[in-house]
Structure formats: structure tokens, C-alpha cells
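Student: Sharing query.cif (mmCIF, C-alpha atoms) below.
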```cif
data_work
loop_
_atom_site.group_PDB
_atom_site.id
_atom_site.type_symbol
_atom_site.label_atom_id
_atom_site.label_comp_id
_atom_site.auth_asym_id
_atom_site.auth_seq_id
_atom_site.Cartn_x
_atom_site.Cartn_y
_atom_site.Cartn_z
ATOM 1 C CA LEU A 29 -10.355 14.956 19.618
ATOM 2 C CA ARG A 30 -13.152 12.991 18.031
ATOM 3 C CA SER A 31 -12.576 9.230 17.860
ATOM 4 C CA ARG A 32 -13.748 7.821 14.534
ATOM 5 C CA ARG A 33 -16.235 4.995 14.241
ATOM 6 C CA VAL A 34 -16.075 2.192 11.672
ATOM 7 C CA ARG A 35 -18.713 2.621 8.975
ATOM 8 C CA LYS A 36 -17.966 -0.459 6.863
ATOM 9 C CA LYS A 37 -16.375 -3.839 7.563
ATOM 10 C CA PHE A 38 -15.860 -6.777 5.203
ATOM 11 C CA ALA A 39 -13.625 -9.803 4.669
ATOM 12 C CA ALA A 40 -10.994 -9.078 2.011
ATOM 13 C CA PRO A 41 -11.780 -11.403 -0.920
ATOM 14 C CA MET A 42 -9.170 -13.816 -2.290
ATOM 15 C CA GLN A 43 -8.125 -13.706 -5.934
ATOM 16 C CA ARG A 44 -5.262 -14.572 -8.287
ATOM 17 C CA GLU A 45 -2.790 -11.868 -9.235
ATOM 18 C CA GLY A 46 0.498 -11.470 -11.132
ATOM 19 C CA ALA A 47 1.507 -14.733 -12.782
ATOM 20 C CA GLY A 48 -1.007 -16.710 -10.714
ATOM 21 C CA PHE A 49 -0.284 -16.308 -7.000
ATOM 22 C CA VAL A 50 -3.198 -15.881 -4.568
ATOM 23 C CA ILE A 51 -3.707 -12.619 -2.674
ATOM 24 C CA ARG A 52 -6.456 -11.081 -0.609
ATOM 25 C CA ARG A 53 -7.491 -7.606 -1.761
ATOM 26 C CA SER A 54 -9.210 -5.170 0.575
ATOM 27 C CA VAL A 55 -8.869 -1.711 -0.967
ATOM 28 C CA GLY A 56 -9.612 -2.047 -4.676
ATOM 29 C CA SER A 57 -12.037 -4.949 -4.235
ATOM 30 C CA HIS A 58 -15.697 -4.879 -5.259
ATOM 31 C CA GLN A 59 -16.605 -4.157 -1.617
ATOM 32 C CA VAL A 60 -15.500 -0.504 -1.799
ATOM 33 C CA THR A 61 -15.351 2.296 -4.349
ATOM 34 C CA THR A 62 -12.326 4.410 -5.253
ATOM 35 C CA ALA A 63 -14.244 7.411 -3.889
ATOM 36 C CA GLU A 64 -14.509 5.729 -0.476
ATOM 37 C CA THR A 65 -10.780 4.976 -0.310
ATOM 38 C CA ASP A 66 -9.423 8.044 -2.185
ATOM 39 C CA PRO A 67 -6.422 8.454 -2.676
ATOM 40 C CA PHE A 68 -5.780 4.716 -2.083
ATOM 41 C CA LEU A 69 -6.474 2.509 -5.086
ATOM 42 C CA MET A 70 -5.477 -0.944 -3.917
ATOM 43 C CA LEU A 71 -4.086 -2.984 -1.043
ATOM 44 C CA ASP A 72 -3.141 -6.587 -1.736
ATOM 45 C CA GLU A 73 -1.851 -8.958 0.918
ATOM 46 C CA LEU A 74 0.151 -12.022 -0.022
ATOM 47 C CA PRO A 75 -0.757 -14.176 3.003
ATOM 48 C CA LEU A 76 2.062 -16.054 4.711
ATOM 49 C CA LYS A 77 2.946 -19.185 2.763
ATOM 50 C CA GLU A 78 5.952 -21.458 2.387
ATOM 51 C CA PHE A 79 7.090 -21.721 -1.256
ATOM 52 C CA ALA A 80 9.371 -24.288 -2.855
ATOM 53 C CA PRO A 81 12.260 -22.885 -4.952
ATOM 54 C CA GLY A 82 10.797 -21.486 -8.193
ATOM 55 C CA GLU A 83 7.180 -22.017 -7.053
ATOM 56 C CA PHE A 84 6.328 -18.353 -6.454
ATOM 57 C CA PRO A 85 5.741 -16.926 -9.954
ATOM 58 C CA GLY A 86 5.998 -13.225 -9.076
ATOM 59 C CA ALA A 87 4.828 -10.476 -11.401
ATOM 60 C CA PRO A 88 6.944 -10.572 -14.587
ATOM 61 C CA TRP A 89 7.728 -7.456 -16.619
ATOM 62 C CA HIS A 90 4.777 -5.039 -16.703
ATOM 63 C CA PRO A 91 4.241 -1.264 -17.036
ATOM 64 C CA HIS A 92 2.768 1.331 -14.666
ATOM 65 C CA ARG A 93 1.685 4.944 -15.148
ATOM 66 C CA GLY A 94 -0.165 7.459 -12.969
ATOM 67 C CA MET A 95 0.291 6.098 -9.434
ATOM 68 C CA ASP A 96 2.624 5.237 -6.579
ATOM 69 C CA THR A 97 3.158 1.537 -5.901
ATOM 70 C CA VAL A 98 4.448 0.451 -2.495
ATOM 71 C CA MET A 99 5.858 -3.003 -1.756
ATOM 72 C CA TYR A 100 6.259 -3.994 1.911
ATOM 73 C CA VAL A 101 7.830 -7.326 2.859
ATOM 74 C CA LYS A 102 6.850 -8.825 6.220
ATOM 75 C CA GLN A 103 8.611 -12.186 5.811
ATOM 76 C CA GLY A 104 10.861 -13.676 3.163
ATOM 77 C CA GLN A 105 12.436 -11.856 0.279
ATOM 78 C CA GLY A 106 11.616 -10.566 -3.180
ATOM 79 C CA SER A 107 13.865 -9.362 -5.986
ATOM 80 C CA HIS A 108 13.042 -6.595 -8.447
ATOM 81 C CA GLU A 109 14.407 -4.881 -11.525
ATOM 82 C CA ASP A 110 13.128 -2.040 -13.672
ATOM 83 C CA SER A 111 13.428 -0.173 -16.948
ATOM 84 C CA MET A 112 15.632 2.438 -15.243
ATOM 85 C CA GLY A 113 18.364 -0.199 -14.882
ATOM 86 C CA ASN A 114 17.901 -0.663 -11.138
ATOM 87 C CA LYS A 115 17.752 -4.036 -9.442
ATOM 88 C CA GLY A 116 17.833 -5.308 -5.895
ATOM 89 C CA THR A 117 16.248 -7.537 -3.268
ATOM 90 C CA LEU A 118 13.852 -6.633 -0.493
ATOM 91 C CA TYR A 119 14.087 -8.595 2.752
ATOM 92 C CA ALA A 120 11.830 -8.870 5.816
ATOM 93 C CA GLY A 121 10.832 -5.411 7.020
ATOM 94 C CA ASP A 122 11.990 -3.613 3.849
ATOM 95 C CA ALA A 123 9.758 -1.441 1.681
ATOM 96 C CA GLN A 124 9.919 0.000 -1.801
ATOM 97 C CA TRP A 125 8.106 3.235 -2.612
ATOM 98 C CA MET A 126 7.895 3.663 -6.376
ATOM 99 C CA THR A 127 6.385 6.713 -8.034
ATOM 100 C CA ALA A 128 5.542 5.353 -11.478
ATOM 101 C CA ALA A 129 4.249 8.760 -12.658
ATOM 102 C CA SER A 130 4.908 9.141 -16.423
ATOM 103 C CA GLY A 131 5.893 5.515 -16.788
ATOM 104 C CA ILE A 132 8.087 2.674 -15.654
ATOM 105 C CA GLN A 133 8.306 -1.026 -16.418
ATOM 106 C CA HIS A 134 9.376 -3.489 -13.763
ATOM 107 C CA ASN A 135 9.697 -7.142 -12.830
ATOM 108 C CA GLU A 136 8.852 -8.242 -9.291
ATOM 109 C CA GLY A 137 9.421 -11.431 -7.330
ATOM 110 C CA THR A 138 10.472 -13.753 -10.167
ATOM 111 C CA ASN A 139 13.225 -16.376 -9.658
ATOM 112 C CA HIS A 140 12.251 -16.710 -6.005
ATOM 113 C CA PRO A 141 14.675 -18.955 -4.065
ATOM 114 C CA GLY A 142 11.917 -20.505 -1.962
ATOM 115 C CA GLY A 143 10.970 -20.135 1.673
ATOM 116 C CA PRO A 144 8.266 -18.174 3.489
ATOM 117 C CA MET A 145 6.646 -15.160 1.852
ATOM 118 C CA HIS A 146 4.307 -12.573 3.379
ATOM 119 C CA GLY A 147 3.898 -9.042 2.108
ATOM 120 C CA PHE A 148 1.736 -6.197 0.877
ATOM 121 C CA GLN A 149 1.370 -4.198 -2.331
ATOM 122 C CA MET A 150 -0.398 -0.840 -2.144
ATOM 123 C CA TRP A 151 -1.276 1.614 -4.909
ATOM 124 C CA ILE A 152 -1.879 5.313 -4.288
ATOM 125 C CA ASN A 153 -3.336 7.611 -6.920
ATOM 126 C CA LEU A 154 -1.304 10.608 -8.067
ATOM 127 C CA PRO A 155 -2.798 14.077 -8.605
ATOM 128 C CA ALA A 156 -3.375 14.986 -12.257
ATOM 129 C CA ALA A 157 -0.632 17.616 -11.996
ATOM 130 C CA HIS A 158 1.945 14.908 -11.143
ATOM 131 C CA LYS A 159 0.866 11.930 -13.263
ATOM 132 C CA MET A 160 3.449 12.719 -15.954
ATOM 133 C CA ASP A 161 6.307 13.589 -13.600
ATOM 134 C CA PRO A 162 9.568 11.628 -13.988
ATOM 135 C CA PRO A 163 9.420 8.293 -12.163
ATOM 136 C CA SER A 164 11.361 7.691 -8.957
ATOM 137 C CA TYR A 165 12.252 4.866 -6.592
ATOM 138 C CA ASN A 166 12.894 4.707 -2.871
ATOM 139 C CA ASP A 167 14.170 1.356 -1.626
ATOM 140 C CA ILE A 168 13.780 1.602 2.154
ATOM 141 C CA SER A 169 15.637 -0.867 4.353
ATOM 142 C CA SER A 170 13.981 -2.074 7.533
ATOM 143 C CA SER A 171 16.605 -0.212 9.570
ATOM 144 C CA ALA A 172 15.566 3.070 7.899
ATOM 145 C CA ILE A 173 11.875 2.612 8.764
ATOM 146 C CA PRO A 174 11.362 4.184 12.221
ATOM 147 C CA LYS A 175 9.685 1.998 14.835
ATOM 148 C CA VAL A 176 7.582 3.289 17.706
ATOM 149 C CA THR A 177 7.927 0.803 20.568
ATOM 150 C CA LYS A 178 5.729 1.234 23.646
ATOM 151 C CA ASP A 179 4.048 -0.996 26.202
ATOM 152 C CA TRP A 180 1.100 -1.435 23.810
ATOM 153 C CA GLY A 181 3.298 -2.809 21.020
ATOM 154 C CA THR A 182 5.120 -1.462 17.975
ATOM 155 C CA ALA A 183 4.378 0.633 14.898
ATOM 156 C CA ALA A 184 6.547 0.645 11.767
ATOM 157 C CA VAL A 185 6.088 4.104 10.238
ATOM 158 C CA ILE A 186 6.479 3.646 6.478
ATOM 159 C CA ALA A 187 4.761 6.977 5.696
ATOM 160 C CA GLY A 188 3.326 9.668 7.962
ATOM 161 C CA VAL A 189 3.700 10.201 11.696
ATOM 162 C CA VAL A 190 2.973 8.066 14.770
ATOM 163 C CA ASP A 191 3.373 9.479 18.280
ATOM 164 C CA GLY A 192 5.692 12.224 16.975
ATOM 165 C CA VAL A 193 7.877 9.821 14.945
ATOM 166 C CA ARG A 194 8.035 10.694 11.240
ATOM 167 C CA ALA A 195 8.772 8.399 8.274
ATOM 168 C CA PRO A 196 11.795 9.157 6.036
ATOM 169 C CA VAL A 197 9.687 9.153 2.847
ATOM 170 C CA GLN A 198 7.184 11.970 2.281
ATOM 171 C CA PRO A 199 5.228 11.044 -0.845
ATOM 172 C CA ILE A 200 3.405 13.411 -3.186
ATOM 173 C CA CYS A 201 0.036 12.543 -1.670
ATOM 174 C CA ASP A 202 -0.490 13.343 1.998
ATOM 175 C CA VAL A 203 -0.833 9.839 3.434
ATOM 176 C CA GLN A 204 -0.008 7.640 6.393
ATOM 177 C CA TYR A 205 1.013 4.008 5.946
ATOM 178 C CA VAL A 206 1.727 2.216 9.223
ATOM 179 C CA ASP A 207 2.184 -1.404 10.300
ATOM 180 C CA PHE A 208 0.758 -1.744 13.837
ATOM 181 C CA GLU A 209 1.462 -4.767 16.047
ATOM 182 C CA LEU A 210 -0.427 -4.629 19.355
ATOM 183 C CA ARG A 211 0.280 -6.939 22.262
ATOM 184 C CA ALA A 212 -2.559 -9.010 23.715
ATOM 185 C CA GLY A 213 -5.065 -6.892 25.637
ATOM 186 C CA LYS A 214 -3.256 -3.617 24.929
ATOM 187 C CA ALA A 215 -4.826 -0.473 23.414
ATOM 188 C CA PHE A 216 -3.662 2.641 21.573
ATOM 189 C CA GLU A 217 -5.325 5.752 20.148
ATOM 190 C CA HIS A 218 -3.671 7.075 17.008
ATOM 191 C CA ALA A 219 -3.983 10.759 16.060
ATOM 192 C CA LEU A 220 -4.834 11.854 12.505
ATOM 193 C CA PRO A 221 -4.290 15.458 11.360
ATOM 194 C CA ALA A 222 -6.987 17.667 9.874
ATOM 195 C CA GLY A 223 -7.744 16.925 6.224
ATOM 196 C CA MET A 224 -6.850 13.223 6.395
ATOM 197 C CA GLU A 225 -10.437 12.172 5.755
ATOM 198 C CA THR A 226 -9.845 8.642 4.491
ATOM 199 C CA CYS A 227 -8.822 5.957 6.993
ATOM 200 C CA VAL A 228 -8.693 2.191 6.406
ATOM 201 C CA ALA A 229 -7.397 -0.739 8.485
ATOM 202 C CA HIS A 230 -6.478 -4.161 7.047
ATOM 203 C CA VAL A 231 -6.076 -6.856 9.729
ATOM 204 C CA TYR A 232 -3.522 -9.547 8.893
ATOM 205 C CA ARG A 233 -3.168 -11.375 12.232
ATOM 206 C CA GLY A 234 -5.093 -11.740 15.486
ATOM 207 C CA SER A 235 -8.216 -9.835 16.435
ATOM 208 C CA GLY A 236 -9.430 -6.874 18.435
ATOM 209 C CA THR A 237 -11.720 -3.869 18.436
ATOM 210 C CA PHE A 238 -11.614 -0.664 16.404
ATOM 211 C CA GLY A 239 -13.735 1.715 18.438
ATOM 212 C CA ASP A 240 -16.761 -0.473 19.149
ATOM 213 C CA THR A 241 -16.332 -2.715 16.071
ATOM 214 C CA GLN A 242 -14.736 -6.152 16.173
ATOM 215 C CA GLY A 243 -12.084 -6.961 13.584
ATOM 216 C CA LYS A 244 -10.131 -10.147 12.897
ATOM 217 C CA ASP A 245 -7.552 -11.596 10.532
ATOM 218 C CA GLY A 246 -8.618 -10.869 6.942
ATOM 219 C CA ASP A 247 -11.021 -8.037 7.772
ATOM 220 C CA CYS A 248 -10.938 -4.587 6.198
ATOM 221 C CA LEU A 249 -12.434 -1.729 8.215
ATOM 222 C CA LEU A 250 -13.306 1.622 6.672
ATOM 223 C CA PHE A 251 -13.656 4.495 9.144
ATOM 224 C CA GLU A 252 -16.154 7.311 8.836
ATOM 225 C CA PRO A 253 -14.616 10.305 7.027
ATOM 226 C CA THR A 254 -13.959 13.594 8.770
ATOM 227 C CA ALA A 255 -11.927 16.640 7.766
ATOM 228 C CA ALA A 256 -11.275 17.627 11.377
ATOM 229 C CA GLU A 257 -8.435 16.424 13.576
ATOM 230 C CA SER A 258 -9.400 13.030 14.930
ATOM 231 C CA THR A 259 -8.207 9.742 16.381
ATOM 232 C CA VAL A 260 -8.676 6.054 15.699
ATOM 233 C CA ALA A 261 -8.762 3.789 18.758
ATOM 234 C CA PHE A 262 -7.969 0.098 18.753
ATOM 235 C CA GLU A 263 -7.516 -2.641 21.338
ATOM 236 C CA ALA A 264 -6.002 -6.091 20.857
ATOM 237 C CA GLY A 265 -7.728 -9.332 21.721
ATOM 238 C CA PRO A 266 -6.135 -12.271 23.568
ATOM 239 C CA ASP A 267 -3.865 -13.198 20.635
ATOM 240 C CA GLY A 268 -2.734 -9.665 19.802
ATOM 241 C CA LEU A 269 -3.730 -7.505 16.837
ATOM 242 C CA ASP A 270 -1.595 -6.803 13.746
ATOM 243 C CA PHE A 271 -2.882 -4.570 10.965
ATOM 244 C CA ILE A 272 -1.962 -2.098 8.254
ATOM 245 C CA LEU A 273 -3.356 1.402 8.735
ATOM 246 C CA MET A 274 -3.788 3.694 5.736
ATOM 247 C CA ALA A 275 -4.949 7.289 6.079
ATOM 248 C CA GLY A 276 -4.920 10.043 3.492
ATOM 249 C CA ARG A 277 -6.164 13.332 2.126
ATOM 250 C CA PRO A 278 -8.604 12.670 -0.766
ATOM 251 C CA LEU A 279 -7.725 14.021 -4.224
ATOM 252 C CA ARG A 280 -11.336 14.180 -5.458
ATOM 253 C CA GLU A 281 -10.281 13.848 -9.093
ATOM 254 C CA PRO A 282 -11.723 11.607 -11.842
ATOM 255 C CA VAL A 283 -10.270 8.077 -11.790
ATOM 256 C CA VAL A 284 -10.021 6.156 -15.059
ATOM 257 C CA TRP A 285 -8.299 2.841 -14.346
ATOM 258 C CA HIS A 286 -7.288 0.179 -16.835
ATOM 259 C CA GLY A 287 -4.966 -2.556 -15.567
ATOM 260 C CA PRO A 288 -1.615 -0.976 -14.595
ATOM 261 C CA PHE A 289 -2.633 2.522 -15.729
ATOM 262 C CA VAL A 290 -4.548 5.041 -13.604
ATOM 263 C CA MET A 291 -5.283 8.355 -15.300
ATOM 264 C CA ASN A 292 -8.029 11.006 -15.334
ATOM 265 C CA THR A 293 -9.553 10.495 -18.801
ATOM 266 C CA ARG A 294 -10.110 7.686 -21.308
ATOM 267 C CA ASP A 295 -7.955 9.567 -23.829
ATOM 268 C CA GLU A 296 -5.051 9.448 -21.376
ATOM 269 C CA ILE A 297 -5.522 5.687 -20.960
ATOM 270 C CA GLN A 298 -5.541 5.230 -24.742
ATOM 271 C CA GLN A 299 -2.323 7.264 -24.918
ATOM 272 C CA CYS A 300 -0.691 4.784 -22.506
ATOM 273 C CA PHE A 301 -1.348 1.945 -24.976
ATOM 274 C CA LYS A 302 -0.226 4.067 -27.956
ATOM 275 C CA ASP A 303 3.022 4.885 -26.152
ATOM 276 C CA LEU A 304 3.627 1.202 -25.370
ATOM 277 C CA GLN A 305 3.042 0.207 -28.989
ATOM 278 C CA ALA A 306 5.239 3.018 -30.301
ATOM 279 C CA GLY A 307 8.073 2.265 -27.889
ATOM 280 C CA THR A 308 7.781 5.728 -26.295
ATOM 281 C CA PHE A 309 6.237 4.703 -22.971
ATOM 282 C CA ILE A 310 9.344 5.464 -20.899
ATOM 283 C CA LYS A 311 9.641 9.247 -20.856
ATOM 284 C CA SER A 312 12.404 9.636 -18.280
ATOM 285 C CA LYS A 313 14.968 7.472 -16.509
ATOM 286 C CA GLY A 314 13.925 9.004 -13.202
ATOM 287 C CA ALA A 315 15.736 8.844 -9.885
ATOM 288 C CA TYR A 316 16.706 5.989 -7.571
ATOM 289 C CA ARG A 317 17.451 6.283 -3.846
ATOM 290 C CA ARG A 318 18.375 3.648 -1.286
ATOM 291 C CA LEU A 319 17.596 4.451 2.345
#
```
Translate this structure into C-alpha cells?

Tutor:
Amino acid sequence: LRSRRVRKKFAAPMQREGAGFVIRRSVGSHQVTTAETDPFLMLDELPLKEFAPGEFPGAPWHPHRGMDTVMYVKQGQGSHEDSMGNKGTLYAGDAQWMTAASGIQHNEGTNHPGGPMHGFQMWINLPAAHKMDPPSYNDISSSAIPKVTKDWGTAAVIAGVVDGVRAPVQPICDVQYVDFELRAGKAFEHALPAGMETCVAHVYRGSGTFGDTQGKDGDCLLFEPTAAESTVAFEAGPDGLDFILMAGRPLREPVVWHGPFVMNTRDEIQQCFKDLQAGTFIKSKGAYRRL
């Protein structure tokens, strides 16, 4: 199989998000276009930081329509509640896969008890045919996320397949979302199926090589697209290499994005605001599942 080369590398820029906390954004930053990362819209990392009780402001009540949002907690904890009446707390290693679809409102990370926090928020576009589906939630405990453990390190398979191990959640879009942790000096070559043209790596600790390209903490690497079966090869440096890998099948649909709404036309975006003002934004209670 062909091993992909990196065609773009950049340092994920820092910015303020939510109620004022600092993140670094790779996918969704000014360094890449939505066409280059299709179907991925955004990847934000909340870098590891120790917070005093009440210091972390979170993201108070806000709406979403037209996308999947995925929260992944590496360290610490974060509570959430939503307009469907669900509430809970994510702990280290847990993930939450939310299909906002026709509309949901939620509150994330407020009333934080203090302590370390490190995590990721990813947005994935939804096909036009599914943007107005009923919303749904999957809260996925760390124990339900399969781990591939080999001599090279570990991979937490949140979506997709690694070395024959398949994630419990199969989202609407055909994507892979994997947390790789490679031991110092070790290497692995990950297989991608045909059609998964988009592939992005976000390094959050250590350094190493992706093919013949160096990558370090804070770097985002965009691989050359190919529709054929392929692989991505990586090797850890002396301190190990930890990164998020995202791969997906592009939708190739128009993207009109305004804040928490991602639709296909300006009229659809305007309808989001009309629905909010009219009190008709929530179309369906949707479904909740705890894994």
C-alpha cells in the first residue's frame, strides 16, 4: 500500500474560546480550509493546565445545528447538560459523541471543581441529507473505548478501526478518530481504507516523524489526499509521540458556517436564528445512550 506524505505542516494557533479559556486550534484555523479537512470542521485542544476551583469557565448554554461534536477528556473531568434533559460528567479517557443534527442546546464544563484539565473538542460536518435528523448523544466511558496495545505503544479507538480493532460508535460520516501514544523510538504504520481521502494528525506531546516530516508538540500535519487504500507511517522521537489522528471520507458539499451552526446555504443559517428567536429551535428530544 502507498504510504502518504505530509503536504502541509503548521503550529496550531492559540485563541480564546467558550467563556474565555485558551485553546489551540488546528483544524478550523486560518491555516487550512474546510475543503482541505472535509468532513472535519474543527479540532480544539485545551492544553494541560491546573485550574483552581471555579477558575475554568467552560462553555455555558449554547446551541448547535448541522454537525457532530465530539468531546474527549485526556485528564481531569468536565460536566455537561443539555436541552434533552441529560446530564453527566466525563472523566479521564471518556468521550462524548453528540450528533447535534436538527438542533440541541447544551452547557459544557461549567462549575468545574478544580484540578488538571486536558482535552479535545472536534466538529464533523453532517451530510445535507442528515442535518435535520433528530439529535442524539453517545456518552462513551473510557472502558468502552477499545485500546490497541502493542510494543510500539497504544491507540484508543474512538471511531474507526486500528489493527482490526473497531470502535463501538459508527457515526454518520465515515471517519476515524484515534488517540495514538507511541513509546520512545517506536514506529507504526496505520492502514486507511479506500475513500478515506482526508487525513490529519494533531501532536499534543513529544515529537517524531510522519513519513519523512518532523512533527512536535503543537504541530498539525495534513497528509496528501488519496482515494486509494493507503497507510500513514509514524515514528516516535526520544520522548515518545502522542497525537490525535483524524481520517475521513470527504462530503464535498457546500459549507456555510456561522458560529455554532453549519449548514449548506445562507437561508438555512438564517432559519437557525429565526428558530431560536421563535422558540422552535429544538425539533426533537432525540436519543441518549451511555456506553

Student: Just want the 8 Å neighbourhood of segment 199-211 of chain A, counted on all atoms listed in the file, with same-chain residues fewer than 2 positions away dropped. Output as an MDAnalysis selection string.

Tutor: chainID A and resid 67 152:155 180:189 197 213:215 224 263:264 267:277

Student: Find the residues near segment 239-251 of chain A: any atom within 10 Å, counting all atoms listed in the file, skip ones fewer than 4 places away on the same chain, and give them as a ChimeraX atom specification.

Tutor: /A:31-42,52-55,59-60,64-65,73,75,217,225-235,259-265,269-275

Student: Residues as selected, C-alpha atoms, written as a PDB file, in the frame of the given file, can you do that?

Tutor:
```
ATOM      1  CA  SER A  31     -12.576   9.230  17.860  1.00  0.00           C
ATOM      2  CA  ARG A  32     -13.748   7.821  14.534  1.00  0.00           C
ATOM      3  CA  ARG A  33     -16.235   4.995  14.241  1.00  0.00           C
ATOM      4  CA  VAL A  34     -16.075   2.192  11.672  1.00  0.00           C
ATOM      5  CA  ARG A  35     -18.713   2.621   8.975  1.00  0.00           C
ATOM      6  CA  LYS A  36     -17.966  -0.459   6.863  1.00  0.00           C
ATOM      7  CA  LYS A  37     -16.375  -3.839   7.563  1.00  0.00           C
ATOM      8  CA  PHE A  38     -15.860  -6.777   5.203  1.00  0.00           C
ATOM      9  CA  ALA A  39     -13.625  -9.803   4.669  1.00  0.00           C
ATOM     10  CA  ALA A  40     -10.994  -9.078   2.011  1.00  0.00           C
ATOM     11  CA  PRO A  41     -11.780 -11.403  -0.920  1.00  0.00           C
ATOM     12  CA  MET A  42      -9.170 -13.816  -2.290  1.00  0.00           C
ATOM     13  CA  ARG A  52      -6.456 -11.081  -0.609  1.00  0.00           C
ATOM     14  CA  ARG A  53      -7.491  -7.606  -1.761  1.00  0.00           C
ATOM     15  CA  SER A  54      -9.210  -5.170   0.575  1.00  0.00           C
ATOM     16  CA  VAL A  55      -8.869  -1.711  -0.967  1.00  0.00           C
ATOM     17  CA  GLN A  59     -16.605  -4.157  -1.617  1.00  0.00           C
ATOM     18  CA  VAL A  60     -15.500  -0.504  -1.799  1.00  0.00           C
ATOM     19  CA  GLU A  64     -14.509   5.729  -0.476  1.00  0.00           C
ATOM     20  CA  THR A  65     -10.780   4.976  -0.310  1.00  0.00           C
ATOM     21  CA  GLU A  73      -1.851  -8.958   0.918  1.00  0.00           C
ATOM     22  CA  PRO A  75      -0.757 -14.176   3.003  1.00  0.00           C
ATOM     23  CA  GLU A 217      -5.325   5.752  20.148  1.00  0.00           C
ATOM     24  CA  GLU A 225     -10.437  12.172   5.755  1.00  0.00           C
ATOM     25  CA  THR A 226      -9.845   8.642   4.491  1.00  0.00           C
ATOM     26  CA  CYS A 227      -8.822   5.957   6.993  1.00  0.00           C
ATOM     27  CA  VAL A 228      -8.693   2.191   6.406  1.00  0.00           C
ATOM     28  CA  ALA A 229      -7.397  -0.739   8.485  1.00  0.00           C
ATOM     29  CA  HIS A 230      -6.478  -4.161   7.047  1.00  0.00           C
ATOM     30  CA  VAL A 231      -6.076  -6.856   9.729  1.00  0.00           C
ATOM     31  CA  TYR A 232      -3.522  -9.547   8.893  1.00  0.00           C
ATOM     32  CA  ARG A 233      -3.168 -11.375  12.232  1.00  0.00           C
ATOM     33  CA  GLY A 234      -5.093 -11.740  15.486  1.00  0.00           C
ATOM     34  CA  SER A 235      -8.216  -9.835  16.435  1.00  0.00           C
ATOM     35  CA  THR A 259      -8.207   9.742  16.381  1.00  0.00           C
ATOM     36  CA  VAL A 260      -8.676   6.054  15.699  1.00  0.00           C
ATOM     37  CA  ALA A 261      -8.762   3.789  18.758  1.00  0.00           C
ATOM     38  CA  PHE A 262      -7.969   0.098  18.753  1.00  0.00           C
ATOM     39  CA  GLU A 263      -7.516  -2.641  21.338  1.00  0.00           C
ATOM     40  CA  ALA A 264      -6.002  -6.091  20.857  1.00  0.00           C
ATOM     41  CA  GLY A 265      -7.728  -9.332  21.721  1.00  0.00           C
ATOM     42  CA  LEU A 269      -3.730  -7.505  16.837  1.00  0.00           C
ATOM     43  CA  ASP A 270      -1.595  -6.803  13.746  1.00  0.00           C
ATOM     44  CA  PHE A 271      -2.882  -4.570  10.965  1.00  0.00           C
ATOM     45  CA  ILE A 272      -1.962  -2.098   8.254  1.00  0.00           C
ATOM     46  CA  LEU A 273      -3.356   1.402   8.735  1.00  0.00           C
ATOM     47  CA  MET A 274      -3.788   3.694   5.736  1.00  0.00           C
ATOM     48  CA  ALA A 275      -4.949   7.289   6.079  1.00  0.00           C
TER      49      ALA A 275
END
```

Student: Please enumerate the residues selected by the PyMOL selection byres ((chain A and resi 167-170) around 10) when evaluated against the supplied file, formatted as a PyMOL selection string.

Tutor: chain A and resi 98-102+116-126+165-166+171-175+184+186+196-197+316-319

Student: Using all atoms listed in the file and a cutoff of 12 Å, can you tell me which residues are near (-6.9, 2.3, -23.4) in the file's coordinates, and write them out as a PyMOL selection string?

Tutor: chain A and resi 284-305

Student: Determine the nearest neighbour of Ser312 of chain A from the options A:Gln198, A:Asn114, A:Ser130, A:Ser107, counting all atoms listed in the file.

Tutor: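 The answer is A:Ser130, which sits nearest to Ser312 of chain A.
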
Student: Taking 2 positions as the minimum chain separation for residues in the same chain, which residues sit within 12 Å of Gly131 of chain A when counting all atoms listed in the file? Answer as a count of residues only.

Tutor: 41

Student: Work out how far atom CA of Thr237 of chain A is from atom CA of Leu220 of chain A, in Å to one decimal.

Tutor: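 Taking atom CA of Leu220 of chain A as the start and atom CA of Thr237 of chain A as the end point, the length is 18.2 Å.
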
Student: Mind giving me the straight-line distance from atom CA of Asp191 of chain A to atom CA of Pro266 of chain A in Å, one decimal?

Tutor: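 If I compute the distance from atom CA of Asp191 of chain A to atom CA of Pro266 of chain A, I get 24.3 Å.
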
Student: For Leu74 of chain A, which residue among A:Gly137, A:Gly113, A:Thr61, A:Gly147 is the nearest when counting all atoms listed in the file?

Tutor: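 Of A:Gly137, A:Gly113, A:Thr61, A:Gly147, the one nearest Leu74 of chain A is A:Gly147, counting all atoms listed in the file.
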
Student: Counting all atoms listed in the file, which residue out of A:Ile132, A:Lys115, A:Ser258, A:Pro144 sits closest to Phe79 of chain A?

Tutor: A:Pro144

Student: Written as JSON, numbers by chain, what is the full residue list that the PyMOL selection byres ((chain A and resi 45) around 12) yields on the file shown?

Tutor: {"A": [42, 43, 44, 46, 47, 48, 49, 50, 51, 52, 53, 72, 73, 74, 84, 85, 86, 87, 88, 149, 287]}

Student: What does the structure give for the distance between atom CA of Gly56 of chain A and atom CA of Leu69 of chain A, in Å to one decimal?

Tutor: 5.5 Å

Student: (-7.8, 18.3, 8.6) in this file's frame - what residues fall within 7 Å of it? Use only C-alpha atoms and give the answer as a PyMOL selection string.

Tutor: chain A and resi 221-224+255-257

Student: If the PyMOL selection byres ((chain A and resi 280) around 9) is run on the structure shown, which residues does it catch, given as an MDAnalysis selection string?

Tutor: chainID A and resid 63 66:67 278:279 281:283

Student: I need the residue nearest Phe68 of chain A from this list: A:Trp151, A:Glu252, A:Ala157, A:His218. Use all atoms listed in the file for the distance.

Tutor: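 Among the listed residues, A:Trp151 lies closest to Phe68 of chain A.
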
Student: For Lys77 of chain A, which residue out of A:His58, A:His146, A:His140, A:Arg30 is the nearest one, using only C-alpha atoms?

Tutor: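 Nearest candidate to Lys77 of chain A out of A:His58, A:His146, A:His140, A:Arg30: A:His146.
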
Student: Hey, which of A:Pro81, A:Gln103, A:Lys178, A:His108 ends up closest to Phe148 of chain A? Count all atoms listed in the file.

Tutor: A:Gln103
